[in-house]
file upload.pdb (PDB, C-alpha atoms, pLDDT in the B column)
ATOM      1  CA  MET A   1      -1.917  20.482  -2.221  1.00 44.00           C
ATOM      2  CA  THR A   2      -2.809  23.030   0.456  1.00 55.00           C
ATOM      3  CA  ASN A   3      -5.148  20.936   2.612  1.00 83.00           C
ATOM      4  CA  ARG A   4      -3.312  17.932   4.002  1.00 94.00           C
ATOM      5  CA  LEU A   5      -5.214  14.690   4.505  1.00 96.00           C
ATOM      6  CA  PHE A   6      -3.949  14.218   8.070  1.00 98.00           C
ATOM      7  CA  ASN A   7      -3.381  16.725  10.876  1.00 96.00           C
ATOM      8  CA  ALA A   8      -0.630  14.459  12.222  1.00 97.00           C
ATOM      9  CA  LEU A   9       1.169  11.459  10.759  1.00 98.00           C
ATOM     10  CA  ASN A  10       3.517   8.879  12.250  1.00 98.00           C
ATOM     11  CA  VAL A  11       6.239   7.951   9.740  1.00 98.00           C
ATOM     12  CA  TYR A  12       8.019   4.590   9.874  1.00 97.00           C
ATOM     13  CA  HIS A  13      11.117   4.263   7.677  1.00 93.00           C
ATOM     14  CA  ASP A  14      11.741   0.544   8.009  1.00 88.00           C
ATOM     15  CA  GLY A  15      15.436   0.273   7.178  1.00 83.00           C
ATOM     16  CA  ALA A  16      15.589  -3.512   7.533  1.00 89.00           C
ATOM     17  CA  ALA A  17      14.640  -5.605   4.521  1.00 93.00           C
ATOM     18  CA  HIS A  18      11.988  -8.211   5.351  1.00 96.00           C
ATOM     19  CA  SER A  19      10.464 -11.285   3.777  1.00 97.00           C
ATOM     20  CA  ALA A  20       7.192 -10.808   1.941  1.00 98.00           C
ATOM     21  CA  ALA A  21       5.284 -12.518   4.759  1.00 98.00           C
ATOM     22  CA  MET A  22       6.858 -10.265   7.390  1.00 98.00           C
ATOM     23  CA  ASN A  23       6.111  -7.099   5.428  1.00 98.00           C
ATOM     24  CA  MET A  24       2.445  -8.015   5.154  1.00 98.00           C
ATOM     25  CA  ALA A  25       2.324  -8.971   8.837  1.00 98.00           C
ATOM     26  CA  ILE A  26       3.848  -5.654   9.956  1.00 98.00           C
ATOM     27  CA  ASP A  27       1.212  -3.750   7.994  1.00 98.00           C
ATOM     28  CA  GLU A  28      -1.605  -5.733   9.594  1.00 98.00           C
ATOM     29  CA  ALA A  29      -0.113  -5.339  13.074  1.00 98.00           C
ATOM     30  CA  LEU A  30       0.120  -1.577  12.565  1.00 97.00           C
ATOM     31  CA  LEU A  31      -3.571  -1.542  11.679  1.00 97.00           C
ATOM     32  CA  ASP A  32      -4.269  -3.309  14.977  1.00 95.00           C
ATOM     33  CA  TYR A  33      -2.253  -0.891  17.110  1.00 95.00           C
ATOM     34  CA  ALA A  34      -2.105   2.509  15.396  1.00 93.00           C
ATOM     35  CA  ALA A  35      -3.777   5.300  17.371  1.00 94.00           C
ATOM     36  CA  VAL A  36      -3.039   8.016  14.777  1.00 96.00           C
ATOM     37  CA  PRO A  37      -2.619   7.870  10.985  1.00 98.00           C
ATOM     38  CA  SER A  38       0.645   6.209   9.992  1.00 98.00           C
ATOM     39  CA  ILE A  39       2.736   5.610   6.892  1.00 98.00           C
ATOM     40  CA  ARG A  40       5.447   2.951   6.615  1.00 98.00           C
ATOM     41  CA  PHE A  41       8.044   2.770   3.850  1.00 97.00           C
ATOM     42  CA  TYR A  42       9.710  -0.610   3.467  1.00 96.00           C
ATOM     43  CA  ARG A  43      11.998  -2.877   1.476  1.00 93.00           C
ATOM     44  CA  TRP A  44      12.143  -6.575   0.529  1.00 97.00           C
ATOM     45  CA  HIS A  45      14.986  -8.946   1.339  1.00 95.00           C
ATOM     46  CA  ALA A  46      14.600 -10.639  -2.071  1.00 97.00           C
ATOM     47  CA  PRO A  47      12.636 -10.061  -5.287  1.00 98.00           C
ATOM     48  CA  ALA A  48       9.004 -10.573  -4.308  1.00 98.00           C
ATOM     49  CA  LEU A  49       5.519 -10.772  -5.748  1.00 98.00           C
ATOM     50  CA  SER A  50       2.339  -9.877  -3.904  1.00 98.00           C
ATOM     51  CA  PHE A  51      -1.149 -10.627  -5.167  1.00 98.00           C
ATOM     52  CA  GLY A  52      -4.575  -9.586  -3.945  1.00 97.00           C
ATOM     53  CA  TYR A  53      -6.712 -11.318  -1.355  1.00 97.00           C
ATOM     54  CA  PHE A  54      -9.114 -12.657  -3.986  1.00 95.00           C
ATOM     55  CA  GLY A  55      -6.375 -13.709  -6.404  1.00 96.00           C
ATOM     56  CA  LYS A  56      -5.722 -17.273  -7.478  1.00 96.00           C
ATOM     57  CA  PHE A  57      -2.415 -18.900  -6.587  1.00 97.00           C
ATOM     58  CA  ALA A  58      -2.461 -20.608  -9.995  1.00 96.00           C
ATOM     59  CA  HIS A  59      -1.922 -17.192 -11.594  1.00 96.00           C
ATOM     60  CA  VAL A  60       1.398 -16.670  -9.768  1.00 97.00           C
ATOM     61  CA  ALA A  61       2.655 -20.226  -9.209  1.00 97.00           C
ATOM     62  CA  CYS A  62       5.070 -19.952 -12.139  1.00 97.00           C
ATOM     63  CA  TYR A  63       7.044 -17.299 -10.223  1.00 97.00           C
ATOM     64  CA  ALA A  64       7.540 -19.435  -7.105  1.00 96.00           C
ATOM     65  CA  GLY A  65      11.100 -20.399  -8.036  1.00 92.00           C
ATOM     66  CA  GLU A  66      12.270 -16.843  -8.634  1.00 96.00           C
ATOM     67  CA  ARG A  67      10.307 -14.612  -6.258  1.00 98.00           C
ATOM     68  CA  ASP A  68       9.105 -14.549  -2.658  1.00 98.00           C
ATOM     69  CA  LEU A  69       5.330 -14.932  -3.057  1.00 98.00           C
ATOM     70  CA  VAL A  70       2.702 -13.586  -0.682  1.00 98.00           C
ATOM     71  CA  ARG A  71      -1.054 -13.098  -0.713  1.00 98.00           C
ATOM     72  CA  ARG A  72      -1.985  -9.620   0.505  1.00 98.00           C
ATOM     73  CA  TRP A  73      -4.836  -8.900   2.904  1.00 97.00           C
ATOM     74  CA  THR A  74      -5.825  -6.050   0.583  1.00 98.00           C
ATOM     75  CA  GLY A  75      -7.326  -6.567  -2.862  1.00 95.00           C
ATOM     76  CA  GLY A  76      -5.917  -5.751  -6.274  1.00 92.00           C
ATOM     77  CA  GLY A  77      -3.814  -7.697  -8.725  1.00 93.00           C
ATOM     78  CA  ILE A  78      -0.225  -8.825  -9.119  1.00 96.00           C
ATOM     79  CA  VAL A  79       2.601  -6.467  -8.067  1.00 97.00           C
ATOM     80  CA  PHE A  80       6.309  -7.185  -8.534  1.00 97.00           C
ATOM     81  CA  HIS A  81       8.475  -5.877  -5.696  1.00 98.00           C
ATOM     82  CA  GLY A  82      12.161  -5.290  -5.237  1.00 95.00           C
ATOM     83  CA  ASP A  83      12.978  -2.189  -7.237  1.00 93.00           C
ATOM     84  CA  ASP A  84       9.902  -0.271  -6.079  1.00 96.00           C
ATOM     85  CA  LEU A  85       9.188   2.053  -3.160  1.00 96.00           C
ATOM     86  CA  THR A  86       6.546   0.228  -1.166  1.00 97.00           C
ATOM     87  CA  TYR A  87       4.438   1.908   1.493  1.00 98.00           C
ATOM     88  CA  SER A  88       1.435   1.287   3.695  1.00 98.00           C
ATOM     89  CA  ILE A  89      -0.922   3.851   5.190  1.00 98.00           C
ATOM     90  CA  VAL A  90      -3.046   3.093   8.242  1.00 98.00           C
ATOM     91  CA  ILE A  91      -6.028   5.265   9.193  1.00 98.00           C
ATOM     92  CA  PRO A  92      -7.592   4.381  12.573  1.00 98.00           C
ATOM     93  CA  ALA A  93     -11.392   4.187  12.654  1.00 97.00           C
ATOM     94  CA  THR A  94     -11.412   7.057  15.167  1.00 96.00           C
ATOM     95  CA  HIS A  95      -9.870   9.490  12.655  1.00 97.00           C
ATOM     96  CA  THR A  96     -12.129  11.741  10.588  1.00 96.00           C
ATOM     97  CA  ALA A  97     -10.573  10.578   7.298  1.00 97.00           C
ATOM     98  CA  PHE A  98     -11.855   7.046   7.960  1.00 97.00           C
ATOM     99  CA  SER A  99     -15.418   8.221   7.282  1.00 97.00           C
ATOM    100  CA  GLU A 100     -14.495   9.172   3.699  1.00 97.00           C
ATOM    101  CA  SER A 101     -15.069   6.698   0.894  1.00 96.00           C
ATOM    102  CA  SER A 102     -12.302   4.337  -0.121  1.00 95.00           C
ATOM    103  CA  MET A 103     -12.174   6.040  -3.511  1.00 95.00           C
ATOM    104  CA  ALA A 104     -11.800   9.505  -1.973  1.00 96.00           C
ATOM    105  CA  ILE A 105      -8.924   8.360   0.241  1.00 97.00           C
ATOM    106  CA  TYR A 106      -7.237   6.567  -2.666  1.00 97.00           C
ATOM    107  CA  GLU A 107      -7.393   9.696  -4.802  1.00 96.00           C
ATOM    108  CA  LYS A 108      -6.251  12.099  -2.053  1.00 97.00           C
ATOM    109  CA  VAL A 109      -3.250   9.928  -1.213  1.00 98.00           C
ATOM    110  CA  HIS A 110      -2.276   9.795  -4.870  1.00 97.00           C
ATOM    111  CA  ARG A 111      -2.697  13.541  -5.331  1.00 97.00           C
ATOM    112  CA  ALA A 112      -0.246  13.987  -2.459  1.00 97.00           C
ATOM    113  CA  LEU A 113       2.137  11.616  -4.221  1.00 97.00           C
ATOM    114  CA  CYS A 114       1.814  13.620  -7.450  1.00 96.00           C
ATOM    115  CA  ASP A 115       2.815  16.758  -5.560  1.00 96.00           C
ATOM    116  CA  ALA A 116       5.798  14.918  -4.079  1.00 96.00           C
ATOM    117  CA  LEU A 117       6.884  13.666  -7.497  1.00 95.00           C
ATOM    118  CA  GLU A 118       6.816  17.202  -8.878  1.00 93.00           C
ATOM    119  CA  GLY A 119       9.548  17.984  -6.359  1.00 86.00           C
ATOM    120  CA  ASN A 120      11.591  15.245  -8.043  1.00 84.00           C
ATOM    121  CA  GLY A 121      11.108  16.860 -11.421  1.00 89.00           C
ATOM    122  CA  LYS A 122       8.331  14.569 -12.666  1.00 89.00           C
ATOM    123  CA  ARG A 123       5.008  15.807 -13.972  1.00 93.00           C
ATOM    124  CA  ALA A 124       2.635  13.241 -12.493  1.00 95.00           C
ATOM    125  CA  VAL A 125      -1.137  13.207 -12.794  1.00 95.00           C
ATOM    126  CA  VAL A 126      -3.967  11.291 -11.190  1.00 95.00           C
ATOM    127  CA  ALA A 127      -5.784   9.190 -13.781  1.00 93.00           C
ATOM    128  CA  GLY A 128      -9.348  10.364 -14.364  1.00 82.00           C
ATOM    129  CA  GLY A 129     -12.221  10.262 -16.806  1.00 43.00           C
ATOM    130  CA  GLY A 130     -15.402   8.253 -17.152  1.00 41.00           C
ATOM    131  CA  ASP A 131     -18.735   8.616 -15.415  1.00 37.00           C
ATOM    132  CA  SER A 132     -19.327   7.850 -11.744  1.00 41.00           C
ATOM    133  CA  GLY A 133     -20.682   4.369 -12.426  1.00 44.00           C
ATOM    134  CA  ARG A 134     -17.672   3.360 -14.499  1.00 40.00           C
ATOM    135  CA  THR A 135     -15.396   4.913 -11.872  1.00 41.00           C
ATOM    136  CA  ALA A 136     -16.973   2.849  -9.111  1.00 46.00           C
ATOM    137  CA  ASP A 137     -16.633  -0.301 -11.216  1.00 47.00           C
ATOM    138  CA  ALA A 138     -12.969   0.437 -11.884  1.00 42.00           C
ATOM    139  CA  MET A 139     -12.209   1.030  -8.222  1.00 43.00           C
ATOM    140  CA  ARG A 140     -13.969  -2.188  -7.211  1.00 47.00           C
ATOM    141  CA  THR A 141     -11.723  -3.951  -9.700  1.00 45.00           C
ATOM    142  CA  ALA A 142      -8.639  -2.299  -8.224  1.00 43.00           C
ATOM    143  CA  PHE A 143      -9.585  -3.333  -4.701  1.00 42.00           C
ATOM    144  CA  SER A 144     -10.843  -6.853  -5.362  1.00 44.00           C
ATOM    145  CA  ALA A 145      -9.615  -8.513  -8.557  1.00 45.00           C
ATOM    146  CA  GLY A 146      -6.476 -10.566  -8.467  1.00 46.00           C
ATOM    147  CA  GLY A 147      -5.505 -12.108 -11.792  1.00 52.00           C
ATOM    148  CA  TYR A 148      -3.852  -9.197 -13.542  1.00 59.00           C
ATOM    149  CA  ASN A 149      -0.644  -7.183 -13.405  1.00 75.00           C
ATOM    150  CA  CYS A 150      -1.579  -3.999 -11.549  1.00 79.00           C
ATOM    151  CA  PHE A 151       0.941  -1.831 -13.383  1.00 84.00           C
ATOM    152  CA  ALA A 152      -0.272  -2.943 -16.796  1.00 77.00           C
ATOM    153  CA  ASN A 153      -3.866  -2.035 -15.937  1.00 75.00           C
ATOM    154  CA  PRO A 154      -4.274   1.531 -14.632  1.00 83.00           C
ATOM    155  CA  VAL A 155      -7.651   2.552 -13.202  1.00 84.00           C
ATOM    156  CA  ARG A 156      -9.046   5.892 -12.085  1.00 85.00           C
ATOM    157  CA  ALA A 157      -6.940   7.674  -9.453  1.00 93.00           C
ATOM    158  CA  ASP A 158      -3.758   5.722 -10.174  1.00 95.00           C
ATOM    159  CA  VAL A 159      -0.681   7.917 -10.689  1.00 96.00           C
ATOM    160  CA  MET A 160       0.529   8.367 -14.264  1.00 95.00           C
ATOM    161  CA  VAL A 161       3.724   9.832 -15.743  1.00 94.00           C
ATOM    162  CA  ASP A 162       3.895  10.302 -19.527  1.00 92.00           C
ATOM    163  CA  GLY A 163       0.851   8.080 -19.974  1.00 90.00           C
ATOM    164  CA  ARG A 164       2.384   5.253 -17.942  1.00 93.00           C
ATOM    165  CA  LYS A 165       1.195   4.024 -14.544  1.00 95.00           C
ATOM    166  CA  ILE A 166       3.864   4.485 -11.879  1.00 96.00           C
ATOM    167  CA  ALA A 167       1.836   4.075  -8.685  1.00 97.00           C
ATOM    168  CA  GLY A 168      -1.189   2.083  -7.580  1.00 96.00           C
ATOM    169  CA  ALA A 169      -2.598   0.767  -4.338  1.00 96.00           C
ATOM    170  CA  ALA A 170      -5.172  -1.506  -2.739  1.00 96.00           C
ATOM    171  CA  GLN A 171      -7.147  -1.241   0.478  1.00 97.00           C
ATOM    172  CA  ARG A 172      -8.685  -3.161   3.343  1.00 97.00           C
ATOM    173  CA  ARG A 173     -11.274  -1.630   5.681  1.00 97.00           C
ATOM    174  CA  THR A 174     -12.063  -3.148   9.093  1.00 96.00           C
ATOM    175  CA  ARG A 175     -13.734  -1.990  12.300  1.00 96.00           C
ATOM    176  CA  ARG A 176     -10.302  -0.928  13.551  1.00 96.00           C
ATOM    177  CA  GLY A 177      -9.392   1.216  10.547  1.00 98.00           C
ATOM    178  CA  LEU A 178      -8.287   1.315   6.923  1.00 98.00           C
ATOM    179  CA  LEU A 179      -5.104  -0.105   5.440  1.00 98.00           C
ATOM    180  CA  GLN A 180      -3.825   1.090   2.065  1.00 98.00           C
ATOM    181  CA  GLN A 181      -0.812  -0.691   0.565  1.00 98.00           C
ATOM    182  CA  GLY A 182       0.856   0.987  -2.377  1.00 98.00           C
ATOM    183  CA  SER A 183       3.800   0.626  -4.740  1.00 98.00           C
ATOM    184  CA  ILE A 184       5.706   3.298  -6.664  1.00 97.00           C
ATOM    185  CA  GLN A 185       7.954   2.165  -9.520  1.00 96.00           C
ATOM    186  CA  GLY A 186       9.457   3.193 -12.810  1.00 93.00           C
ATOM    187  CA  VAL A 187      10.620   6.627 -11.584  1.00 94.00           C
ATOM    188  CA  ASP A 188      13.534   8.000  -9.547  1.00 91.00           C
ATOM    189  CA  LEU A 189      12.824   6.819  -5.998  1.00 92.00           C
ATOM    190  CA  GLU A 190      15.675   8.734  -4.385  1.00 86.00           C
ATOM    191  CA  ASN A 191      16.079  12.466  -3.767  1.00 87.00           C
ATOM    192  CA  GLY A 192      13.889  12.428  -0.659  1.00 94.00           C
ATOM    193  CA  LEU A 193      10.725  11.133  -2.347  1.00 95.00           C
ATOM    194  CA  SER A 194       9.438   9.262   0.708  1.00 96.00           C
ATOM    195  CA  GLU A 195       9.982  12.247   3.018  1.00 96.00           C
ATOM    196  CA  ARG A 196       8.328  14.589   0.532  1.00 97.00           C
ATOM    197  CA  PHE A 197       5.384  12.193   0.114  1.00 98.00           C
ATOM    198  CA  ALA A 198       4.810  12.070   3.869  1.00 98.00           C
ATOM    199  CA  ALA A 199       5.038  15.854   4.104  1.00 98.00           C
ATOM    200  CA  GLU A 200       2.364  16.218   1.411  1.00 98.00           C
ATOM    201  CA  LEU A 201       0.060  14.046   3.517  1.00 98.00           C
ATOM    202  CA  SER A 202       0.581  16.019   6.733  1.00 98.00           C
ATOM    203  CA  ASN A 203       2.267  19.170   8.012  1.00 97.00           C
ATOM    204  CA  ASN A 204       2.987  17.353  11.267  1.00 97.00           C
ATOM    205  CA  CYS A 205       5.085  14.249  10.536  1.00 98.00           C
ATOM    206  CA  GLN A 206       6.707  12.377  13.400  1.00 97.00           C
ATOM    207  CA  SER A 207       9.394   9.767  12.716  1.00 97.00           C
ATOM    208  CA  GLN A 208       8.778   6.639  14.763  1.00 95.00           C
ATOM    209  CA  SER A 209      10.210   3.186  15.430  1.00 94.00           C
ATOM    210  CA  LEU A 210       7.935   0.163  15.399  1.00 93.00           C
ATOM    211  CA  PRO A 211       6.568  -0.346  18.932  1.00 91.00           C
ATOM    212  CA  LYS A 212       7.491  -3.551  20.737  1.00 93.00           C
ATOM    213  CA  ALA A 213       3.840  -4.652  20.764  1.00 93.00           C
ATOM    214  CA  VAL A 214       3.692  -4.345  16.967  1.00 95.00           C
ATOM    215  CA  ARG A 215       6.923  -6.322  16.526  1.00 94.00           C
ATOM    216  CA  CYS A 216       5.651  -9.125  18.771  1.00 95.00           C
ATOM    217  CA  ARG A 217       2.265  -9.262  17.060  1.00 97.00           C
ATOM    218  CA  THR A 218       3.995  -9.300  13.671  1.00 97.00           C
ATOM    219  CA  GLN A 219       5.764 -12.564  14.444  1.00 96.00           C
ATOM    220  CA  GLU A 220       2.441 -14.221  15.289  1.00 97.00           C
ATOM    221  CA  ILE A 221       0.649 -12.941  12.185  1.00 98.00           C
ATOM    222  CA  ALA A 222       3.486 -13.941   9.858  1.00 98.00           C
ATOM    223  CA  ALA A 223       3.618 -17.480  11.255  1.00 97.00           C
ATOM    224  CA  GLN A 224      -0.128 -18.058  11.389  1.00 97.00           C
ATOM    225  CA  LYS A 225      -1.165 -16.277   8.216  1.00 98.00           C
ATOM    226  CA  TYR A 226       1.133 -14.799   5.569  1.00 98.00           C
ATOM    227  CA  GLY A 227       3.865 -17.409   5.923  1.00 98.00           C
ATOM    228  CA  ALA A 228       1.427 -20.334   5.879  1.00 98.00           C
ATOM    229  CA  GLU A 229       0.888 -22.424   2.751  1.00 97.00           C
ATOM    230  CA  GLY A 230      -2.839 -22.559   3.453  1.00 97.00           C
ATOM    231  CA  TRP A 231      -3.102 -18.754   3.189  1.00 98.00           C
ATOM    232  CA  LEU A 232      -0.919 -18.537   0.089  1.00 98.00           C
ATOM    233  CA  ARG A 233      -2.796 -21.245  -1.825  1.00 96.00           C
ATOM    234  CA  LYS A 234      -6.308 -20.760  -0.448  1.00 89.00           C
ATOM    235  CA  CYS A 235      -7.871 -20.237  -3.893  1.00 73.00           C
TER     236      CYS A 235
END
call {"tool": "encode", "arguments": {"input": "upload.pdb", "output": "structure tokens"}}
result
Amino acid sequence: MTNRLFNALNVYHDGAAHSAAMNMAIDEALLDYAAVPSIRFYRWHAPALSFGYFGKFAHVACYAGERDLVRRWTGGGIVFHGDDLTYSIVIPATHTAFSESSMAIYEKVHRALCDALEGNGKRAVVAGGGDSGRTADAMRTAFSAGGYNCFANPVRADVMVDGRKIAGAAQRRTRRGLLQQGSIQGVDLENGLSERFAAELSNNCQSQSLPKAVRCRTQEIAAQKYGAEGWLRKC
């Protein structure tokens, strides 16, 4: 991948494991405050399950006793977390990449991930095929549907290894910017994969710590939204 998606990228390696609600809140707070494109890699303090904004709580209620459940702000289906490498990418509305379609961004991010995985000895490909109409339908499903296991249902531009989906994502676009939340699983997640992934997205990566304003805003969002029963069970 010779042309990087971003001319500069802030990289947040969040070493502390968080609850599902806190992880979602940090991502939303970053969308509120980020002035340049950012990527955050993070962990979960317990086995977790996230499901898309339009998903039904009834589809995940059976996991409540064994996993930390959270409704994402982004779309998509059910994702199991704990053994995966989870990341979020924020693109401010002022950045040129924001003007690209959601599908184009999704595919470019995943092509960068494929290049990073090659450095780990895996031949990864971006799923393709189908006409433009079917592609658009598939991407709408990826971004909006909620009652299916994301990793059992690959769509165009997901990342595949040996015919098996190993990475998918979902997005949310607002007036402030675009948030993409993704999960990588079923492959070796060590050997510098996160650093290599960031480097494939930009030649100018800057390691950062979460700003105080983001940390303060995160507490509010987690309490009022992602940690609230009304949000979790809203449909």
call {"tool": "closest_residue", "arguments": {"input": "upload.pdb", "among": "A:Leu201, A:Ala35, A:Ala170, A:Ile26", "to": "Asn7 of chain A", "atoms": "all atoms listed in the file"}}
result
A:Leu201
call {"tool": "residues_around", "arguments": {"input": "upload.pdb", "residues": "Asn10 of chain A", "least_positions_apart": "2", "cutoff": "6 Å", "atoms": "all atoms listed in the file", "output": "number ranges by chain"}}
result
A: 38, 205-207
call {"tool": "write_last_selection", "arguments": {"input": "upload.pdb", "atoms": "C-alpha atoms", "output": "PDB file, keeping the file's coordinate frame"}}
result
ATOM      1  CA  SER A  38       0.645   6.209   9.992  1.00 98.00           C
ATOM      2  CA  CYS A 205       5.085  14.249  10.536  1.00 98.00           C
ATOM      3  CA  GLN A 206       6.707  12.377  13.400  1.00 97.00           C
ATOM      4  CA  SER A 207       9.394   9.767  12.716  1.00 97.00           C
TER       5      SER A 207
END
call {"tool": "resolve_selection", "arguments": {"input": "upload.pdb", "expression": "the PyMOL selection byres ((chain A and resi 112) around 7)", "output": "MDAnalysis selection string"}}
result
chainID A and resid 1 108:111 113:116 197 200:201
call {"tool": "atom_distance", "arguments": {"input": "upload.pdb", "atom1": "atom CA of Cys235 of chain A", "atom2": "atom CA of Ile89 of chain A"}}
result
26.7 Å
call {"tool": "closest_atom_pairs", "arguments": {"input": "upload.pdb", "of": "segment 186-233 of chain A", "to": "segment 148-163 of chain A", "cutoff": "12 Å", "atoms": "only C-alpha atoms", "output": "Markdown table"}}
result
| residue | atom | partner | partner_atom | distance |
| --- | --- | --- | --- | --- |
| A:Gly186 | CA | A:Val161 | CA | 9.2 |
| A:Val187 | CA | A:Val161 | CA | 8.7 |
| A:Asp188 | CA | A:Val161 | CA | 11.7 |
call {"tool": "closest_residue", "arguments": {"input": "upload.pdb", "among": "A:Leu30, A:Ala222, A:Leu178, A:Ala228", "to": "Ser99 of chain A", "atoms": "all atoms listed in the file"}}
result
A:Leu178
call {"tool": "closest_residue", "arguments": {"input": "upload.pdb", "among": "A:Trp73, A:Trp44, A:Tyr63, A:Tyr87", "to": "Val11 of chain A", "atoms": "only C-alpha atoms"}}
result
A:Tyr87
call {"tool": "closest_atom_pairs", "arguments": {"input": "upload.pdb", "of": "segment 26-91 of chain A", "to": "segment 190-195 of chain A", "cutoff": "10 Å", "atoms": "only C-alpha atoms", "output": "JSON lines"}}
result
{"residue": "A:Ile39", "atom": "CA", "partner": "A:Ser194", "partner_atom": "CA", "distance": 9.8}
{"residue": "A:Arg40", "atom": "CA", "partner": "A:Ser194", "partner_atom": "CA", "distance": 9.5}
{"residue": "A:Phe41", "atom": "CA", "partner": "A:Ser194", "partner_atom": "CA", "distance": 7.3}
{"residue": "A:Leu85", "atom": "CA", "partner": "A:Ser194", "partner_atom": "CA", "distance": 8.2}
{"residue": "A:Thr86", "atom": "CA", "partner": "A:Ser194", "partner_atom": "CA", "distance": 9.7}
{"residue": "A:Tyr87", "atom": "CA", "partner": "A:Ser194", "partner_atom": "CA", "distance": 8.9}
call {"tool": "residues_around", "arguments": {"input": "upload.pdb", "residues": "Arg233 of chain A", "least_positions_apart": "4", "cutoff": "9 Å", "atoms": "all atoms listed in the file", "output": "list of chain:residue names"}}
result
A:Lys56, A:Phe57, A:Ala58, A:Arg71, A:Ala228, A:Glu229
call {"tool": "closest_residue", "arguments": {"input": "upload.pdb", "among": "A:Ile184, A:Cys62, A:Cys216, A:Ile166", "to": "His81 of chain A", "atoms": "only C-alpha atoms"}}
result
A:Ile184
call {"tool": "residues_near_point", "arguments": {"input": "upload.pdb", "point": "(5.9, -9.3, 1.5)", "cutoff": "9 Å", "atoms": "all atoms listed in the file", "output": "JSON, numbers by chain"}}
result
{"A": [18, 19, 20, 21, 22, 23, 24, 25, 43, 44, 48, 49, 50, 68, 69, 70, 71, 72, 81, 226]}
call {"tool": "atom_distance", "arguments": {"input": "upload.pdb", "atom1": "atom CA of Glu118 of chain A", "atom2": "atom CA of Arg4 of chain A"}}
result
16.4 Å
